[in-house]
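Trainee: So that you have it, the file is upload_2.txt, and it contains compact mmCIF, C-alpha atoms:
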# COMPACT_ATOMS: atom_id res chain seq x y z
CA MET L 1 10.74 138.66 51.22
CA THR L 2 14.48 139.16 50.99
CA ASP L 3 17.07 137.34 53.06
CA THR L 4 17.69 140.55 55.01
CA SER L 5 14.06 140.98 56.00
CA TYR L 6 13.95 137.34 57.10
CA ASP L 7 16.91 137.92 59.44
CA ILE L 8 15.30 140.94 61.02
CA GLN L 9 12.04 139.11 61.55
CA SER L 10 13.58 135.99 63.00
CA LYS L 11 15.61 138.03 65.48
CA ALA L 12 12.60 140.07 66.51
CA GLY L 13 10.82 136.86 67.57
CA PRO L 14 7.29 135.85 66.75
CA GLN L 15 4.53 138.40 66.59
CA GLU L 16 1.40 137.93 68.62
CA ALA L 17 -0.73 135.57 66.58
CA GLY L 18 -4.41 136.08 65.85
CA PHE L 19 -6.99 133.26 65.83
CA GLY L 20 -6.77 133.06 62.04
CA ASP L 21 -3.05 132.28 62.24
CA TYR L 22 -3.74 129.20 64.35
CA PHE L 23 -6.54 128.22 61.99
CA ALA L 24 -4.12 128.54 59.05
CA LEU L 25 -1.95 125.87 60.73
CA LEU L 26 -4.70 123.39 59.92
CA LYS L 27 -4.25 123.92 56.13
CA PRO L 28 -7.90 124.83 55.46
CA ARG L 29 -7.64 124.17 51.71
CA VAL L 30 -6.43 120.61 52.25
CA MET L 31 -9.10 120.24 54.93
CA SER L 32 -11.80 121.05 52.38
CA LEU L 33 -10.68 118.06 50.28
CA VAL L 34 -10.66 115.87 53.39
CA VAL L 35 -14.18 116.99 54.35
CA PHE L 36 -15.56 116.42 50.88
CA THR L 37 -14.09 112.96 50.28
CA ALA L 38 -14.89 111.78 53.82
CA LEU L 39 -18.47 113.00 53.38
CA VAL L 40 -18.80 111.08 50.13
CA GLY L 41 -17.38 107.94 51.79
CA LEU L 42 -19.94 108.30 54.57
CA LEU L 43 -22.93 109.01 52.32
CA VAL L 44 -22.35 106.29 49.72
CA ALA L 45 -22.04 103.62 52.41
CA PRO L 46 -25.01 101.23 52.57
CA VAL L 47 -25.65 101.92 56.28
CA PRO L 48 -27.48 105.13 57.25
CA VAL L 49 -25.90 107.39 59.86
CA HIS L 50 -27.75 109.77 62.17
CA PRO L 51 -27.23 113.27 60.66
CA PHE L 52 -25.80 114.76 63.84
CA VAL L 53 -23.42 111.84 64.37
CA GLY L 54 -22.42 112.13 60.70
CA PHE L 55 -21.80 115.86 61.07
CA CYS L 56 -19.65 115.33 64.17
CA ALA L 57 -17.72 112.49 62.53
CA ILE L 58 -16.88 114.65 59.51
CA LEU L 59 -15.89 117.50 61.82
CA PHE L 60 -13.51 115.27 63.80
CA ILE L 61 -12.03 113.80 60.62
CA ALA L 62 -11.44 117.37 59.39
CA ILE L 63 -9.85 118.37 62.72
CA GLY L 64 -7.64 115.27 62.62
CA GLY L 65 -6.56 116.14 59.07
CA GLY L 66 -5.92 119.72 60.16
CA ALA L 67 -3.92 118.56 63.17
CA SER L 68 -1.61 116.55 60.93
CA GLY L 69 -1.19 119.71 58.84
CA ALA L 70 -0.10 121.62 61.96
CA LEU L 71 2.41 118.88 62.82
CA ASN L 72 3.67 118.99 59.23
CA MET L 73 4.24 122.76 59.60
CA TRP L 74 6.03 122.20 62.90
CA TYR L 75 8.46 119.71 61.38
CA ASP L 76 8.86 121.30 57.94
CA SER L 77 9.37 124.93 58.95
CA ASP L 78 12.96 124.83 57.62
CA ILE L 79 11.73 123.73 54.19
CA ASP L 80 8.68 126.02 54.19
CA ILE L 81 10.77 129.14 54.73
CA VAL L 82 12.75 128.68 51.52
CA MET L 83 9.86 127.72 49.25
CA LYS L 84 7.91 130.52 47.57
CA ARG L 85 4.67 128.52 47.80
CA THR L 86 4.93 127.95 51.56
CA LYS L 87 6.91 130.81 53.07
CA GLY L 88 3.72 132.71 53.95
CA ARG L 89 2.60 129.91 56.34
CA PRO L 90 2.23 130.96 60.00
CA VAL L 91 5.47 129.36 61.28
CA PRO L 92 7.91 130.59 58.58
CA ALA L 93 6.15 133.99 58.59
CA GLY L 94 6.99 134.28 62.31
CA LYS L 95 3.38 134.53 63.47
CA VAL L 96 3.27 131.23 65.36
CA THR L 97 6.23 129.50 67.03
CA ARG L 98 7.19 125.93 66.18
CA GLY L 99 6.35 124.88 69.74
CA GLU L 100 2.85 126.29 69.42
CA ALA L 101 2.32 124.50 66.09
CA PHE L 102 3.44 121.25 67.73
CA ALA L 103 1.15 121.76 70.73
CA VAL L 104 -1.86 122.57 68.55
CA GLY L 105 -1.13 119.55 66.34
CA ILE L 106 -0.74 117.04 69.17
CA ALA L 107 -3.71 118.32 71.18
CA LEU L 108 -6.07 118.34 68.20
CA SER L 109 -4.84 114.92 67.01
CA ALA L 110 -5.61 113.30 70.35
CA MET L 111 -8.93 115.11 70.71
CA SER L 112 -10.14 114.26 67.20
CA VAL L 113 -9.28 110.54 67.45
CA VAL L 114 -10.89 110.08 70.87
CA MET L 115 -13.98 112.06 69.90
CA LEU L 116 -14.39 110.16 66.61
CA GLY L 117 -14.16 106.90 68.52
CA LEU L 118 -16.84 108.03 70.96
CA ALA L 119 -19.10 109.59 68.32
CA ALA L 120 -18.86 106.83 65.70
CA ASN L 121 -16.73 103.74 66.29
CA TRP L 122 -13.14 102.72 67.02
CA VAL L 123 -12.41 101.34 63.54
CA ALA L 124 -12.93 104.84 62.11
CA ALA L 125 -10.94 106.35 64.99
CA GLY L 126 -8.12 103.86 64.43
CA LEU L 127 -8.01 104.73 60.72
CA LEU L 128 -7.88 108.44 61.58
CA ALA L 129 -5.04 107.87 64.06
CA PHE L 130 -3.16 105.85 61.43
CA THR L 131 -3.71 108.61 58.85
CA ILE L 132 -2.21 111.24 61.17
CA PHE L 133 0.71 108.93 61.99
CA PHE L 134 1.26 108.15 58.31
CA TYR L 135 1.23 111.80 57.23
CA VAL L 136 3.41 113.11 60.04
CA VAL L 137 5.89 110.30 60.67
CA ILE L 138 6.02 108.25 57.45
CA TYR L 139 5.59 111.08 54.95
CA THR L 140 6.78 114.32 56.60
CA MET L 141 9.61 113.02 58.78
CA TRP L 142 10.83 110.19 56.62
CA LEU L 143 9.84 109.89 52.96
CA LYS L 144 9.60 113.56 51.95
CA ARG L 145 13.29 114.26 52.55
CA TRP L 146 14.55 110.85 51.56
CA THR L 147 13.04 109.49 48.36
CA PRO L 148 11.72 110.86 45.06
CA GLN L 149 8.83 108.44 45.54
CA ASN L 150 7.75 110.65 48.49
CA ILE L 151 4.56 111.74 46.78
CA VAL L 152 3.60 108.22 45.71
CA ILE L 153 3.59 106.67 49.17
CA GLY L 154 2.81 109.87 51.04
CA GLY L 155 -0.31 110.27 48.93
CA ALA L 156 -1.85 107.51 51.02
CA ALA L 157 -2.33 109.97 53.87
CA GLY L 158 -4.63 112.14 51.79
CA ALA L 159 -6.45 109.09 50.46
CA PHE L 160 -7.73 107.73 53.78
CA PRO L 161 -10.65 110.16 54.47
CA PRO L 162 -13.28 108.42 52.25
CA MET L 163 -12.28 105.13 53.88
CA ILE L 164 -12.75 106.70 57.32
CA GLY L 165 -16.13 108.10 56.25
CA TRP L 166 -17.16 104.62 55.07
CA ALA L 167 -15.96 103.11 58.37
CA VAL L 168 -18.02 105.68 60.32
CA ALA L 169 -21.15 104.29 58.66
CA THR L 170 -20.35 100.59 58.38
CA GLY L 171 -17.80 100.06 61.16
CA GLY L 172 -15.48 98.25 58.74
CA ILE L 173 -13.48 98.18 55.52
CA SER L 174 -14.65 96.79 52.18
CA ILE L 175 -13.64 96.66 48.52
CA GLU L 176 -15.60 99.86 47.83
CA SER L 177 -13.78 101.83 50.51
CA VAL L 178 -10.41 100.46 49.43
CA LEU L 179 -11.12 101.54 45.84
CA MET L 180 -12.17 105.02 47.00
CA PHE L 181 -8.83 105.16 48.82
CA ALA L 182 -7.13 104.05 45.60
CA ILE L 183 -8.66 106.94 43.60
CA THR L 184 -6.88 109.63 45.65
CA PHE L 185 -3.80 107.45 46.14
CA MET L 186 -3.25 107.00 42.38
CA TRP L 187 -4.31 110.57 41.61
CA THR L 188 -1.78 112.23 43.95
CA PRO L 189 1.42 111.49 41.95
CA PRO L 190 0.33 112.95 38.59
CA HIS L 191 -1.27 115.88 40.42
CA PHE L 192 1.87 116.80 42.40
CA TRP L 193 4.34 115.99 39.65
CA ALA L 194 2.49 118.38 37.34
CA LEU L 195 2.85 121.01 40.08
CA ALA L 196 6.53 120.14 40.48
CA LEU L 197 7.11 120.64 36.76
CA PHE L 198 6.26 124.32 36.97
CA MET L 199 7.42 124.86 40.61
CA ASN L 200 10.68 122.93 40.26
CA ASP L 201 12.87 125.79 41.50
CA ASP L 202 11.09 125.72 44.85
CA TYR L 203 11.86 122.06 45.50
CA THR L 204 15.44 122.39 44.26
CA LYS L 205 16.03 125.31 46.65
CA ALA L 206 14.52 123.42 49.58
CA GLY L 207 16.50 120.25 48.79
CA VAL L 208 13.33 118.14 48.63
CA PRO L 209 14.05 115.12 46.40
CA MET L 210 11.10 115.54 44.06
CA LEU L 211 11.19 113.39 40.96
CA THR L 212 11.81 116.52 38.86
CA VAL L 213 14.95 117.24 40.94
CA THR L 214 16.37 113.72 41.10
CA HIS L 215 15.37 112.18 37.77
CA GLY L 216 14.71 115.23 35.62
CA ARG L 217 11.64 116.52 33.86
CA LYS L 218 11.57 113.99 31.04
CA ALA L 219 11.34 111.09 33.49
CA THR L 220 8.67 112.98 35.44
CA ARG L 221 6.56 113.35 32.31
CA THR L 222 6.82 109.59 31.69
CA HIS L 223 5.84 108.89 35.30
CA ILE L 224 2.82 111.20 34.99
CA LEU L 225 1.60 109.27 31.95
CA VAL L 226 2.08 105.86 33.58
CA TYR L 227 0.29 106.86 36.78
CA THR L 228 -2.53 108.50 34.81
CA LEU L 229 -3.14 105.19 32.99
CA LEU L 230 -3.07 103.26 36.28
CA LEU L 231 -5.46 105.81 37.76
CA ALA L 232 -7.88 105.20 34.88
CA VAL L 233 -7.88 101.46 35.64
CA VAL L 234 -8.70 102.11 39.32
CA THR L 235 -11.40 104.71 38.71
CA LEU L 236 -13.10 102.67 36.00
CA GLY L 237 -12.86 99.62 38.26
CA ILE L 238 -15.19 101.30 40.76
CA SER L 239 -17.93 101.17 38.11
CA PHE L 240 -18.17 97.43 38.75
CA THR L 241 -18.78 97.77 42.51
CA SER L 242 -22.00 98.51 44.36
CA ILE L 243 -21.27 102.25 44.56
CA GLY L 244 -20.70 102.79 40.84
CA GLY L 245 -23.73 103.85 38.79
CA PRO L 246 -24.55 105.45 35.42
CA VAL L 247 -23.51 108.97 36.50
CA TYR L 248 -20.20 107.68 37.80
CA ILE L 249 -19.45 105.61 34.70
CA ALA L 250 -20.22 108.52 32.35
CA THR L 251 -18.17 110.94 34.44
CA SER L 252 -15.25 108.56 34.81
CA VAL L 253 -15.05 107.74 31.10
CA ALA L 254 -15.18 111.42 30.12
CA MET L 255 -12.70 112.61 32.77
CA ASN L 256 -10.26 109.77 32.11
CA ALA L 257 -10.30 110.52 28.39
CA TRP L 258 -9.56 114.18 29.14
CA PHE L 259 -6.88 113.38 31.73
CA ILE L 260 -5.09 110.78 29.59
CA TRP L 261 -5.16 113.17 26.63
CA GLY L 262 -3.54 115.81 28.88
CA ALA L 263 -0.92 113.34 30.17
CA VAL L 264 -0.02 112.26 26.62
CA GLY L 265 0.32 115.95 25.73
CA LEU L 266 2.72 116.49 28.66
CA TYR L 267 4.68 113.39 27.70
CA ARG L 268 5.22 114.68 24.17
CA ARG L 269 6.32 118.17 25.21
CA ASP L 270 9.95 119.08 25.49
CA GLU L 271 11.41 121.54 27.96
CA MET L 272 12.08 124.26 25.38
CA THR L 273 8.42 124.42 24.38
CA ALA L 274 7.27 124.25 28.01
CA GLU L 275 9.57 127.06 29.09
CA ALA L 276 8.63 129.15 26.09
CA ASP L 277 4.93 129.18 26.94
CA GLY L 278 5.42 129.39 30.73
CA TYR L 279 4.36 125.77 31.39
CA LYS L 280 0.89 126.43 30.07
CA ALA L 281 0.02 122.77 29.45
CA GLU L 282 1.41 121.68 32.85
CA ARG L 283 -0.65 124.33 34.63
CA ALA L 284 -3.74 123.29 32.66
CA PHE L 285 -3.14 119.61 33.54
CA PHE L 286 -2.82 120.55 37.22
CA LYS L 287 -6.18 122.36 37.11
CA VAL L 288 -7.85 119.45 35.31
CA SER L 289 -6.51 117.11 37.99
CA LEU L 290 -8.39 119.08 40.66
CA LEU L 291 -11.58 118.84 38.64
CA TYR L 292 -10.93 115.15 37.96
CA LEU L 293 -10.91 114.20 41.63
CA PHE L 294 -13.81 116.46 42.57
CA LEU L 295 -16.07 115.17 39.78
CA HIS L 296 -15.33 111.50 40.49
CA PHE L 297 -16.41 111.84 44.12
CA LEU L 298 -19.33 114.06 43.17
CA ALA L 299 -20.49 111.40 40.70
CA LEU L 300 -20.38 108.73 43.42
CA LEU L 301 -22.54 111.02 45.55
CA ALA L 302 -24.95 111.60 42.65
CA ASP L 303 -25.41 107.86 42.11
CA ALA L 304 -26.03 107.37 45.84
CA ALA L 305 -28.62 110.16 45.74
CA LEU L 306 -30.33 108.53 42.73
CA GLY L 307 -30.40 105.28 44.69
CA VAL L 308 -32.08 106.99 47.65
CA LEU L 309 -34.66 108.54 45.32
CA GLY L 310 -35.35 105.14 43.80
CA LEU L 311 -33.87 106.11 40.44
CA GLY L 312 -30.71 104.04 40.71
CA VAL L 313 -29.91 101.25 38.28
CA MET D 1 -4.44 152.95 85.95
CA ALA D 2 -6.46 151.41 83.18
CA ILE D 3 -5.13 151.39 79.65
CA GLN D 4 -6.85 154.23 77.80
CA LYS D 5 -5.86 153.57 74.24
CA GLU D 6 -6.52 150.25 72.60
CA HIS D 7 -3.58 148.95 70.59
CA GLU D 8 -4.00 146.74 67.52
CA ILE D 9 -2.44 143.93 69.53
CA HIS D 10 -5.32 144.10 72.03
CA GLN D 11 -7.83 143.65 69.24
CA ARG D 12 -5.90 140.66 67.94
CA ARG D 13 -5.72 139.19 71.45
CA PHE D 14 -9.46 139.76 71.90
CA GLY D 15 -10.13 138.02 68.56
CA ARG D 16 -8.05 135.06 69.68
CA ASN D 17 -9.82 134.82 73.03
CA LEU D 18 -13.19 135.08 71.34
CA GLY D 19 -12.22 132.34 68.89
CA VAL D 20 -11.10 129.99 71.67
CA GLY D 21 -14.26 130.78 73.65
CA LEU D 22 -16.52 129.99 70.69
CA CYS D 23 -14.61 126.75 70.03
CA LEU D 24 -15.13 125.67 73.63
CA ILE D 25 -18.85 126.50 73.50
CA GLY D 26 -19.09 124.57 70.23
CA PHE D 27 -17.32 121.58 71.80
CA VAL D 28 -19.72 121.55 74.75
CA ALA D 29 -22.69 121.75 72.33
CA ILE D 30 -21.31 118.81 70.31
CA VAL D 31 -20.78 116.60 73.36
CA PHE D 32 -24.26 117.49 74.60
CA GLY D 33 -25.80 116.83 71.17
CA LEU D 34 -24.03 113.48 70.81
CA THR D 35 -25.22 112.47 74.27
CA VAL D 36 -28.82 113.33 73.40
CA VAL D 37 -28.64 111.42 70.09
CA LYS D 38 -27.07 108.35 71.63
CA VAL D 39 -29.49 108.25 74.55
CA THR D 40 -32.65 108.87 72.53
CA ARG D 41 -31.93 106.38 69.74
CA GLY D 42 -31.45 103.67 72.35
CA ASP D 43 -27.83 102.69 71.92
CA PRO D 44 -27.04 99.80 74.25
CA MET D 45 -26.43 101.19 77.71
CA GLN D 46 -25.59 99.08 80.69
CA GLY D 47 -24.00 99.68 84.03
CA PHE D 48 -25.08 103.31 84.41
CA ASP D 49 -26.71 102.38 87.74
CA HIS D 50 -23.88 100.06 88.84
CA ALA D 51 -26.23 97.08 88.84
CA VAL D 52 -24.94 93.88 87.23
CA ARG D 53 -27.51 92.14 85.02
CA PRO D 54 -27.18 88.67 83.46
CA GLU D 55 -27.02 90.04 79.89
CA MET D 56 -23.95 92.07 80.82
CA THR D 57 -21.99 89.03 81.87
CA GLU D 58 -23.27 86.55 79.32
CA GLY D 59 -20.57 85.05 77.18
CA ASN D 60 -17.80 86.17 79.53
Could I get this file's structure written as structure tokens?
Mentor:
Amino acid sequence: MTDTSYDIQSKAGPQEAGFGDYFALLKPRVMSLVVFTALVGLLVAPVPVHPFVGFCAILFIAIGGGASGALNMWYDSDIDIVMKRTKGRPVPAGKVTRGEAFAVGIALSAMSVVMLGLAANWVAAGLLAFTIFFYVVIYTMWLKRWTPQNIVIGGAAGAFPPMIGWAVATGGISIESVLMFAITFMWTPPHFWALALFMNDDYTKAGVPMLTVTHGRKATRTHILVYTLLLAVVTLGISFTSIGGPVYIATSVAMNAWFIWGAVGLYRRDEMTAEADGYKAERAFFKVSLLYLFLHFLALLADAALGVLGLGV
Amino acid sequence: MAIQKEHEIHQRRFGRNLGVGLCLIGFVAIVFGLTVVKVTRGDPMQGFDHAVRPEMTEGN
């Protein structure tokens, strides 16, 4: 889209939105991560949950996560419109107005928290409310535009779902749920910094103080390596809790070896080489990071399933 | 006079209305389902008949 076409569209006002445009406000791709990790948190917990209550709880957690996405799009529409990655979102594309995004976000936030409280318990509902608050107010409104550590602290918002899932089953918080939170929390920085390495122009244009913009790419590569090592400590630490089993340990050792090897590779690369091959290694590291998180949670689920079948260690 | 020709915008509006309608039906089904589950598995229920029993006030 050129600047000229943007002017014409913004003057013409928003088009009439379809149902899919409102659904897109909820960031369905992010929601899938929320659903999966929350489900794992719920299923690995030592207390069984009625399947229908479990289904509803996951649904309300997903809606709450989606609602915070809508509020993020309401507040960040000025940034989204200048970034290539986000300018197709419903608000910058002129399909949904900012006011509508705000209304959808607030209404769904309130509904999801109240319904989760009624369906499961108020500890889980409180955690969901805090997650929405953290993502919208702490991350979107405050940290994102203010500090290069935005991703580090803001990552907490995406890390809460397994903890909420655990709270749905147990009604509380424990070392296992805190460590599941820590997996996503420690994983977020290397994941997003790898993305920022090959999407740097976007963040520079939008004026978002990503580490790549404020401290340069070399420092970002060092940060990725440090956080990858810290992440390995956290993920391997789960092996020593009640939810870690043989599948998890094997998966974690293999994935950490692969991830650390990738991070060391990124650390050693210089910008000339990276630019020459179109950030091939950075893109590969980003893809491995997605697999890393998915397989860790899947392994937790596998060990829980083995336990149910009486095959657990 | 009724509109003879359907515009694309009408289809989009219909899709939106249908989506909202299905969401509302789904919400009603969920509330109903939760009620059935909570009642049948015997979650503690007191006060539904406005009668005060000793176990409700114990410890207060």
Trainee: Taking a cut-off of 7 Å and counting only C-alpha atoms, can you build a table that, for each residue of chain L near chain D, reports the nearest atom pair and how far apart they are in Å (one decimal), sorted by chain then residue number, as CSV?
Mentor:
residue,atom,partner,partner_atom,distance
L:Gly18,CA,D:Arg12,CA,5.3
L:Phe19,CA,D:Arg16,CA,4.4
L:Val53,CA,D:Leu34,CA,6.7
L:Ala119,CA,D:Leu34,CA,6.8
Trainee: Find the residues near range 243-251 of chain L: any atom within 7 Å, counting only C-alpha atoms, skip ones fewer than 2 places away on the same chain, and give them as a count of residues only.
Mentor: 15
Trainee: To one decimal in Å, tell me the separation between CA of Asp202 in chain L and CA of Thr273 in chain L.
Mentor: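 So the two atoms, CA of Asp202 in chain L and CA of Thr273 in chain L, lie 20.7 Å apart.
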Trainee: Rounded to one decimal, what separation in Å do you get between CA of Leu301 in chain L and CA of Leu231 in chain L?
Mentor: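 Calculated distance between CA of Leu301 in chain L and CA of Leu231 in chain L is 19.5 Å.
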Trainee: Could you name the residues that touch Phe27 in chain D at 12 Å or less, counting all atoms listed in the file, but leaving out those on the same chain fewer than 4 positions away, as an MDAnalysis selection string?
Mentor: (chainID L and resid 56 59:60 111:112 115) or (chainID D and resid 20:23 31:34)
Trainee: Using only C-alpha atoms, find the one residue out of L:Met186, L:Ala219, L:Ile61, L:Ala276 that sits nearest to Ala129 in chain L.
Mentor: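 Among the listed residues, the smallest separation from Ala129 in chain L belongs to L:Ile61.
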Trainee: Would you work out the distance separating CA of Phe52 in chain L from CA of Ala125 in chain L, expressed in Å to one decimal?
Mentor: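 A separation of 17.1 Å between them.
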